[in-house]
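Asks: Here you go, this is final-v8.csv (CSV, C-alpha atoms).
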chain,number,residue,atom,x,y,z
A,250,MET,CA,32.1,7.8,110.4
A,251,GLY,CA,32.1,4.1,110.2
A,252,ARG,CA,29.1,1.9,111.0
A,253,ASN,CA,29.1,0.0,114.3
A,254,SER,CA,29.7,-3.6,113.6
A,255,ASP,CA,28.2,-4.9,116.8
A,256,ASN,CA,26.4,-8.1,115.9
A,257,ARG,CA,25.0,-9.1,119.3
A,258,SER,CA,22.8,-12.1,119.4
A,259,GLN,CA,19.0,-11.7,119.8
A,260,GLU,CA,19.3,-13.0,123.3
A,261,ASN,CA,21.3,-10.1,124.4
A,262,ILE,CA,19.0,-7.5,123.0
A,263,ASN,CA,16.6,-5.9,125.4
A,264,HIS,CA,13.3,-6.6,123.9
A,265,THR,CA,10.5,-4.3,125.1
A,266,ALA,CA,7.0,-3.6,124.0
A,267,LEU,CA,8.4,-0.9,121.6
A,268,LEU,CA,11.0,-3.1,120.0
A,269,THR,CA,10.6,-4.0,116.4
A,270,PRO,CA,11.3,-7.5,115.1
A,271,PRO,CA,14.9,-8.8,115.0
A,272,VAL,CA,17.3,-7.3,112.5
A,273,ASN,CA,17.6,-9.1,109.2
A,274,SER,CA,18.8,-8.4,105.7
A,275,GLY,CA,15.4,-7.1,104.7
A,276,ASN,CA,15.5,-4.1,107.0
A,277,ILE,CA,19.2,-3.1,107.0
A,278,PRO,CA,19.7,0.4,105.6
A,279,PRO,CA,21.6,0.8,102.3
A,280,ALA,CA,25.3,1.5,102.5
A,281,ASP,CA,24.8,5.1,101.5
A,282,SER,CA,21.9,5.8,103.8
A,283,ARG,CA,23.5,8.5,105.9
A,284,GLN,CA,24.8,10.5,102.9
A,285,ARG,CA,21.4,10.3,101.1
A,286,VAL,CA,19.4,11.4,104.1
A,287,LYS,CA,21.9,14.2,104.9
A,288,GLN,CA,21.8,15.4,101.3
A,289,PHE,CA,18.0,15.5,101.4
A,290,MET,CA,17.9,17.4,104.7
A,291,GLN,CA,20.3,20.0,103.3
A,292,ASN,CA,18.4,20.3,100.0
A,293,ILE,CA,15.1,20.9,101.8
A,294,GLN,CA,16.7,23.5,104.0
A,295,ASP,CA,17.9,25.3,100.8
A,296,GLU,CA,14.5,25.1,99.1
A,297,ILE,CA,12.6,26.4,102.1
A,298,CYS,CA,15.0,29.2,102.8
A,299,SER,CA,15.0,30.4,99.2
A,300,ALA,CA,11.2,30.4,99.0
A,301,LEU,CA,10.8,32.2,102.3
A,302,GLU,CA,13.3,34.9,101.3
A,303,GLN,CA,11.3,35.4,98.1
A,304,LEU,CA,8.1,35.6,100.0
A,305,ASP,CA,9.3,38.0,102.6
A,306,GLY,CA,10.9,40.3,100.0
A,307,GLU,CA,13.1,42.2,102.5
A,308,ALA,CA,15.0,40.0,105.0
A,309,LYS,CA,17.6,37.4,104.2
A,310,PHE,CA,18.7,34.4,106.2
A,311,ARG,CA,22.0,34.7,108.1
A,312,GLU,CA,23.9,31.4,108.1
A,313,ASP,CA,26.1,30.1,110.9
A,314,HIS,CA,28.1,27.0,110.4
A,315,TRP,CA,28.9,25.2,113.7
A,316,GLU,CA,30.8,22.1,114.8
A,317,ARG,CA,30.2,19.8,117.7
A,318,LYS,CA,33.2,18.8,119.7
A,319,ALA,CA,32.0,15.3,120.3
A,320,GLY,CA,31.2,14.8,116.6
A,321,GLY,CA,29.0,16.6,114.1
A,322,GLU,CA,28.2,19.9,112.5
A,323,GLY,CA,25.4,22.0,111.3
A,324,ARG,CA,24.1,25.0,109.4
A,325,THR,CA,21.8,27.4,111.3
A,326,ARG,CA,19.9,29.9,109.2
A,327,VAL,CA,18.0,32.7,110.9
A,328,ILE,CA,15.8,35.4,109.4
A,329,ARG,CA,14.9,38.5,111.4
A,330,GLU,CA,13.0,41.8,111.2
A,331,GLY,CA,11.5,41.0,107.8
A,332,ARG,CA,8.4,42.3,106.2
A,333,VAL,CA,6.6,39.0,106.9
A,334,PHE,CA,8.8,37.2,109.4
A,335,GLU,CA,9.6,38.8,112.6
A,336,GLN,CA,12.0,35.9,113.3
A,337,GLY,CA,12.5,32.4,112.2
A,338,GLY,CA,15.1,29.7,111.8
A,339,VAL,CA,15.7,26.8,109.5
A,340,ASN,CA,18.4,24.4,110.8
A,341,PHE,CA,20.3,21.4,109.4
A,342,SER,CA,22.4,19.2,111.6
A,343,GLU,CA,24.3,15.9,111.7
A,344,VAL,CA,25.7,14.6,114.9
A,345,TRP,CA,27.3,11.3,116.0
A,346,GLY,CA,28.8,9.9,119.1
A,347,ASP,CA,29.3,6.8,121.3
A,348,THR,CA,26.3,7.0,123.5
A,349,LEU,CA,22.7,8.1,122.9
A,350,PRO,CA,21.1,10.6,125.3
A,351,PRO,CA,18.5,9.5,127.9
A,352,SER,CA,15.7,11.0,125.8
A,353,ILE,CA,16.3,8.4,123.1
A,354,LEU,CA,17.2,5.5,125.3
A,355,THR,CA,13.9,5.9,127.2
A,356,GLN,CA,12.0,5.0,124.1
A,357,ARG,CA,14.5,2.8,122.4
A,358,PRO,CA,16.6,1.0,125.1
A,359,GLU,CA,17.7,-1.6,122.6
A,360,ALA,CA,20.0,1.1,121.0
A,361,ALA,CA,22.1,1.3,124.2
A,362,GLY,CA,25.8,0.5,123.8
A,363,HIS,CA,25.9,1.5,120.1
A,364,GLN,CA,27.5,4.4,118.3
A,365,PHE,CA,24.8,6.7,116.8
A,366,PHE,CA,24.3,8.9,113.9
A,367,ALA,CA,21.5,11.5,113.6
A,368,THR,CA,20.7,14.1,110.9
A,369,GLY,CA,17.7,16.3,110.3
A,370,THR,CA,16.3,19.6,109.5
A,371,SER,CA,14.0,21.7,111.7
A,372,MET,CA,12.2,25.0,111.3
A,373,VAL,CA,10.1,27.4,113.3
A,374,LEU,CA,8.7,30.7,111.8
A,375,HIS,CA,7.2,33.5,113.8
A,376,PRO,CA,5.4,35.9,111.5
A,377,ARG,CA,4.9,39.6,112.4
A,378,ASN,CA,1.2,39.8,111.5
A,379,PRO,CA,-1.0,38.0,114.2
A,380,TYR,CA,-3.2,36.7,111.4
A,381,VAL,CA,-0.4,34.7,109.9
A,382,PRO,CA,0.2,31.5,111.8
A,383,THR,CA,3.4,30.3,113.4
A,384,VAL,CA,4.6,27.1,111.8
A,385,HIS,CA,6.9,24.3,112.7
A,386,LEU,CA,8.6,21.5,110.7
A,387,ASN,CA,11.1,18.8,111.7
A,388,TYR,CA,12.3,15.7,109.9
A,389,ARG,CA,15.1,13.5,111.3
A,390,TYR,CA,16.9,10.2,110.9
A,391,PHE,CA,18.7,8.0,113.4
A,392,GLU,CA,21.0,5.0,113.2
A,393,ALA,CA,22.4,3.2,116.3
A,394,GLY,CA,24.1,-0.1,115.5
A,395,PRO,CA,21.4,-2.3,113.9
A,396,ILE,CA,18.6,0.1,114.9
A,397,TRP,CA,17.4,2.9,112.6
A,398,TRP,CA,14.3,5.0,112.4
A,399,PHE,CA,12.8,8.1,110.8
A,400,GLY,CA,10.7,10.7,112.6
A,401,GLY,CA,9.2,14.1,112.0
A,402,GLY,CA,6.2,16.1,111.0
A,403,ALA,CA,4.8,19.6,110.6
A,404,ASP,CA,2.1,21.6,112.5
A,405,LEU,CA,0.4,24.9,112.4
A,406,THR,CA,-0.2,27.3,115.3
A,407,PRO,CA,-2.6,30.1,114.4
A,408,TYR,CA,-3.5,33.0,116.7
A,409,TYR,CA,-6.8,33.8,115.0
A,410,PRO,CA,-9.0,31.1,113.6
A,411,TYR,CA,-9.6,30.5,109.9
A,412,ALA,CA,-11.0,27.1,109.1
A,413,GLU,CA,-10.0,27.3,105.5
A,414,ASP,CA,-6.4,27.7,106.5
A,415,ALA,CA,-6.6,24.6,108.8
A,416,ILE,CA,-8.3,22.6,106.1
A,417,HIS,CA,-5.7,23.5,103.4
A,418,PHE,CA,-2.7,22.7,105.7
A,419,HIS,CA,-4.1,19.3,106.7
A,420,GLN,CA,-5.3,18.4,103.2
A,421,THR,CA,-1.9,19.1,101.7
A,422,PHE,CA,-0.1,16.8,104.2
A,423,LYS,CA,-2.9,14.2,103.9
A,424,SER,CA,-2.2,14.0,100.2
A,425,ALA,CA,1.5,13.6,100.8
A,426,CYS,CA,0.8,10.8,103.3
A,427,ASP,CA,-1.9,9.1,101.1
A,428,ALA,CA,0.6,8.7,98.3
A,429,HIS,CA,2.5,6.2,100.5
A,430,HIS,CA,0.0,4.5,102.8
A,431,PRO,CA,-3.7,5.2,103.5
A,432,GLU,CA,-3.3,4.8,107.3
A,433,TYR,CA,-0.4,7.3,107.6
A,434,TYR,CA,-2.4,10.5,107.8
A,435,PRO,CA,-5.2,9.3,110.2
A,436,THR,CA,-2.6,7.8,112.6
A,437,PHE,CA,0.0,10.6,112.4
A,438,LYS,CA,-2.7,13.3,112.6
A,439,ARG,CA,-3.9,11.8,115.9
A,440,TRP,CA,-0.4,11.5,117.1
A,441,CYS,CA,0.3,15.1,116.3
A,442,ASP,CA,-2.8,16.2,118.4
A,443,GLU,CA,-1.5,14.1,121.2
A,444,TYR,CA,2.1,15.3,121.0
A,445,PHE,CA,1.6,19.0,120.7
A,446,TYR,CA,-0.4,19.2,123.9
A,447,LEU,CA,0.4,21.3,126.9
A,448,ARG,CA,-0.5,19.0,129.7
A,449,HIS,CA,0.0,21.6,132.4
A,450,ARG,CA,-2.4,23.9,130.6
A,451,GLN,CA,-4.7,21.2,129.3
A,452,GLU,CA,-4.8,22.7,125.9
A,453,GLN,CA,-3.5,22.1,122.4
A,454,ARG,CA,-0.6,24.2,121.1
A,455,GLY,CA,-2.2,24.7,117.7
A,456,ILE,CA,-4.3,22.9,115.1
A,457,GLY,CA,-1.9,20.1,114.5
A,458,GLY,CA,-0.8,18.5,111.3
A,459,ILE,CA,1.2,15.3,111.3
A,460,PHE,CA,3.7,13.8,113.7
A,461,PHE,CA,5.5,10.5,113.7
A,462,ASP,CA,8.6,9.0,115.3
A,463,TYR,CA,10.5,5.7,115.5
A,464,GLN,CA,9.3,4.6,112.1
A,465,TYR,CA,11.1,1.4,111.2
A,466,ALA,CA,10.8,-1.5,108.8
A,467,SER,CA,8.0,-3.3,110.6
A,468,GLY,CA,5.7,-2.7,113.5
A,469,THR,CA,2.8,-0.5,114.6
A,470,LEU,CA,2.6,3.0,113.2
A,471,TYR,CA,2.3,4.6,116.6
A,472,VAL,CA,5.3,3.9,118.9
A,473,SER,CA,4.8,5.0,122.5
A,474,SER,CA,4.3,3.6,125.9
A,475,GLN,CA,0.7,5.0,125.8
A,476,THR,CA,-1.9,2.4,125.0
A,477,ASP,CA,-5.2,4.2,125.4
A,478,THR,CA,-4.8,7.4,123.4
A,479,PRO,CA,-6.8,8.0,120.2
A,480,ALA,CA,-3.5,7.5,118.2
A,481,ALA,CA,-2.7,4.3,120.1
A,482,VAL,CA,-6.1,2.8,119.7
A,483,TYR,CA,-6.3,3.7,116.0
A,484,SER,CA,-2.8,2.2,115.4
A,485,GLN,CA,-3.8,-1.0,117.2
A,486,GLN,CA,-6.8,-1.4,114.9
A,487,VAL,CA,-4.5,-0.9,111.8
A,488,GLY,CA,-2.0,-3.5,113.2
A,489,LYS,CA,1.5,-4.0,112.0
A,490,VAL,CA,2.7,-2.3,108.8
A,491,THR,CA,5.7,-3.6,107.0
A,492,ARG,CA,7.9,-1.1,105.0
A,493,ASN,CA,11.5,-1.0,104.1
A,494,TRP,CA,14.1,1.8,104.4
A,495,GLU,CA,13.4,3.1,100.9
A,496,ASP,CA,9.7,3.3,101.5
A,497,LEU,CA,10.1,5.4,104.6
A,498,PHE,CA,12.7,7.6,103.1
A,499,ALA,CA,10.4,8.3,100.1
A,500,PHE,CA,7.6,9.1,102.5
A,501,VAL,CA,9.8,11.6,104.5
A,502,GLN,CA,10.8,13.3,101.3
A,503,SER,CA,7.2,13.7,100.2
A,504,CYS,CA,6.3,15.2,103.6
A,505,GLY,CA,9.3,17.6,103.4
A,506,LYS,CA,8.4,18.8,100.0
A,507,ALA,CA,4.7,19.3,101.1
A,508,PHE,CA,5.6,22.2,103.4
A,509,LEU,CA,5.8,25.0,101.0
A,510,PRO,CA,2.5,24.3,99.2
A,511,ALA,CA,0.9,23.8,102.6
A,512,TYR,CA,2.1,27.0,104.2
A,513,LEU,CA,2.8,29.7,101.6
A,514,PRO,CA,-0.9,30.1,100.4
A,515,ILE,CA,-1.9,30.7,104.0
A,516,VAL,CA,0.7,33.5,104.3
A,517,ASN,CA,-0.3,35.0,101.1
A,518,ARG,CA,-4.0,35.2,102.2
A,519,ARG,CA,-3.3,36.7,105.6
A,520,GLN,CA,-0.1,38.8,105.4
A,521,GLU,CA,-1.9,42.1,104.5
A,522,THR,CA,-4.7,41.8,107.0
A,523,GLU,CA,-4.8,44.9,109.2
A,524,TYR,CA,-4.4,44.5,112.9
A,525,SER,CA,-4.3,46.6,116.1
A,526,ASP,CA,-2.5,46.5,119.3
A,527,ARG,CA,-5.2,44.2,120.7
A,528,GLN,CA,-4.3,41.5,118.2
A,529,ARG,CA,-0.6,42.0,118.6
A,530,GLN,CA,-0.8,41.7,122.4
A,531,PHE,CA,-2.9,38.4,122.1
A,532,GLN,CA,-0.3,37.1,119.6
A,533,LEU,CA,2.5,37.8,122.2
A,534,TYR,CA,0.5,36.1,124.9
A,535,ARG,CA,-0.1,33.0,122.8
A,536,ARG,CA,3.5,32.9,121.9
A,537,GLY,CA,4.1,32.2,125.6
A,538,ARG,CA,2.4,28.9,125.1
A,539,TYR,CA,4.8,28.1,122.3
A,540,VAL,CA,7.8,28.8,124.6
A,541,GLU,CA,6.3,26.7,127.4
A,542,PHE,CA,5.9,23.7,125.1
A,543,ASN,CA,9.4,23.9,123.5
A,544,LEU,CA,11.2,24.2,126.8
A,545,VAL,CA,9.2,21.6,128.7
A,546,TYR,CA,8.1,18.9,126.2
A,547,ASP,CA,9.8,19.3,122.8
A,548,ARG,CA,11.9,16.2,121.9
A,549,GLY,CA,14.2,18.0,119.6
A,550,THR,CA,15.0,20.6,122.3
A,551,VAL,CA,15.7,17.9,124.9
A,552,PHE,CA,17.8,15.8,122.4
A,553,GLY,CA,19.9,18.8,121.4
A,554,LEU,CA,20.6,19.9,124.9
A,555,GLN,CA,21.4,16.4,126.1
A,556,THR,CA,23.9,15.9,123.3
A,557,ASP,CA,25.7,19.2,124.0
A,558,GLY,CA,24.4,20.8,120.8
A,559,ARG,CA,24.8,24.5,120.0
A,560,ALA,CA,22.4,26.3,122.3
A,561,GLU,CA,21.8,29.2,119.9
A,562,SER,CA,20.7,26.8,117.2
A,563,ILE,CA,18.5,24.6,119.6
A,564,LEU,CA,16.7,27.7,121.0
A,565,MET,CA,16.2,29.5,117.7
A,566,SER,CA,12.6,28.1,117.8
A,567,LEU,CA,11.7,30.7,120.5
A,568,PRO,CA,10.0,33.9,119.4
A,569,PRO,CA,11.8,37.3,119.7
A,570,LEU,CA,9.0,38.8,121.8
A,571,THR,CA,6.4,37.2,124.0
A,572,ARG,CA,4.5,37.9,127.2
A,573,TRP,CA,2.7,36.2,130.1
A,574,GLU,CA,-0.3,37.6,131.9
A,575,TYR,CA,-1.5,36.2,135.2
A,576,CYS,CA,-4.9,34.4,135.0
A,577,TYR,CA,-5.7,35.9,131.6
A,578,GLN,CA,-9.2,35.2,130.3
A,579,PRO,CA,-10.4,36.4,126.9
A,580,GLU,CA,-13.8,38.1,126.7
A,581,PRO,CA,-16.6,35.6,126.0
A,582,GLY,CA,-17.6,35.5,122.3
A,583,THR,CA,-14.5,37.1,121.0
A,584,PRO,CA,-12.2,35.6,118.4
A,585,GLU,CA,-9.6,35.2,121.2
A,586,ALA,CA,-12.0,33.1,123.2
A,587,GLN,CA,-13.0,31.1,120.1
A,588,LEU,CA,-9.4,30.1,119.5
A,589,THR,CA,-9.1,27.9,122.5
A,590,GLU,CA,-12.8,27.0,123.1
A,591,VAL,CA,-13.5,25.8,119.6
A,592,PHE,CA,-10.6,26.1,117.1
A,593,LEU,CA,-7.8,24.4,119.1
A,594,GLN,CA,-10.0,21.4,120.0
A,595,PRO,CA,-8.8,18.3,118.0
A,596,GLN,CA,-11.1,17.8,115.1
A,597,ASP,CA,-11.2,16.3,111.6
A,598,TRP,CA,-10.1,19.1,109.3
A,599,VAL,CA,-10.3,17.1,106.1
Transcribe the structure of this file into structure tokens.
Replies:
Amino acid sequence: MGRNSDNRSQENINHTALLTPPVNSGNIPPADSRQRVKQFMQNIQDEICSALEQLDGEAKFREDHWERKAGGEGRTRVIREGRVFEQGGVNFSEVWGDTLPPSILTQRPEAAGHQFFATGTSMVLHPRNPYVPTVHLNYRYFEAGPIWWFGGGADLTPYYPYAEDAIHFHQTFKSACDAHHPEYYPTFKRWCDEYFYLRHRQEQRGIGGIFFDYQYASGTLYVSSQTDTPAAVYSQQVGKVTRNWEDLFAFVQSCGKAFLPAYLPIVNRRQETEYSDRQRQFQLYRRGRYVEFNLVYDRGTVFGLQTDGRAESILMSLPPLTRWEYCYQPEPGTPEAQLTEVFLQPQDWV
């Protein structure tokens, strides 16, 4: 697919509070940007799937290749009924088209009228044992005319609280962030706490990790219409940060490669922990929160559905089993109560 050659003048660009500085030769992606990012996204899918199959020891990923009529294709890989993983999916996709969906234009209206290209990998794993946390990862890249950006992150959703697991997960991603900029982790950790929040429940989805979006050559690290959240305030204090395309691509690669060392040690610690029906039922109940978030708030789900993506691939993030219980309240002082009262409250894990 060829690049859009639209060279509209600065006066015709809709500058908003979220718009980065005018395009110039310093922030134009390299000619092979799309191929390089696509290759990385495929490679990280391969690496993660191989490691997870080895960890599980029984189940293997099923791969489905799909094509999008309006432009694009992908590889969906799903693992089911394994020793460790009850169900999980690791997706790769690349899509292109003439018009960006509303979910993107709301945040980046200056991209309107341009052809777009998007590629990324996404993953959600739902382990069988309630003591092994659910985990999510997503990294993506967009181009729309002269506009481009990277986004992504990873976060952990435990059902039973272990502080050492939360510390390990956050420290691993902090190290990946710190290798590129000292303000990445403190900003993107706050953004993650803000993003993975169920407003209708007034509770966090999990213990967070990192989350970032619309990362471009220059501008503030936090890009949103919100101005008074912890992430927004912290980013305002940091001020504008200048990077180039290569800097951000290197950062995303480091984050992608940090997943396995962040998650596998946690699985190895918890996978043999004995549990009863009580823990299993609580796991299924808390999975309901995961479903609520992914269907109501998740940007990837909304983008996929608005671009007529493959529904089975988009919704592979949902768990195979879950339950809802009317007005459920855990018994005071139990681990189930501690999860939401203490453990899921945003805190500095490192």
Asks: So the first atom is atom CA of A:Gly369 and the second is atom CA of A:Lys287; what is the distance between them in Å, to one decimal place?
Replies: 7.2 Å
Asks: List as a list in words the protein and nucleic acid residues near A:Pro379, meaning an atom at most 6 Å away when all atoms listed in the file are counted, but skip any in the same chain fewer than 2 places from it.
Replies: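 Here the answer would be Val381, Arg529 and Gln532 of chain A.
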Asks: Please list as a list in words every residue within 12 Å of stretch 481-484 of chain A, counting only C-alpha atoms and excluding residues in the same chain fewer than 4 positions away.
Replies: Glu432, Tyr433, Tyr434, Pro435, Thr436, Phe437, Lys438, Arg439, Trp440, Cys441, Glu443, Phe461, Gly468, Thr469, Leu470, Tyr471, Val472, Ser473, Ser474, Gln475, Thr476, Asp477, Gly488, Lys489 and Val490 of chain A
Asks: Which one is closest to A:Asp305: A:Ile459, A:Val599, A:Ala367, A:Val516? Count only C-alpha atoms.
Replies: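 Among the listed residues, the smallest separation from A:Asp305 belongs to A:Val516.
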Asks: Have a look at A:Ala499, A:Arg377, A:Ser371, A:Pro382 and name the one nearest to A:Arg285; count all atoms listed in the file.
Replies: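 Between A:Ala499, A:Arg377, A:Ser371, A:Pro382, the residue approaching A:Arg285 most closely is A:Ala499.
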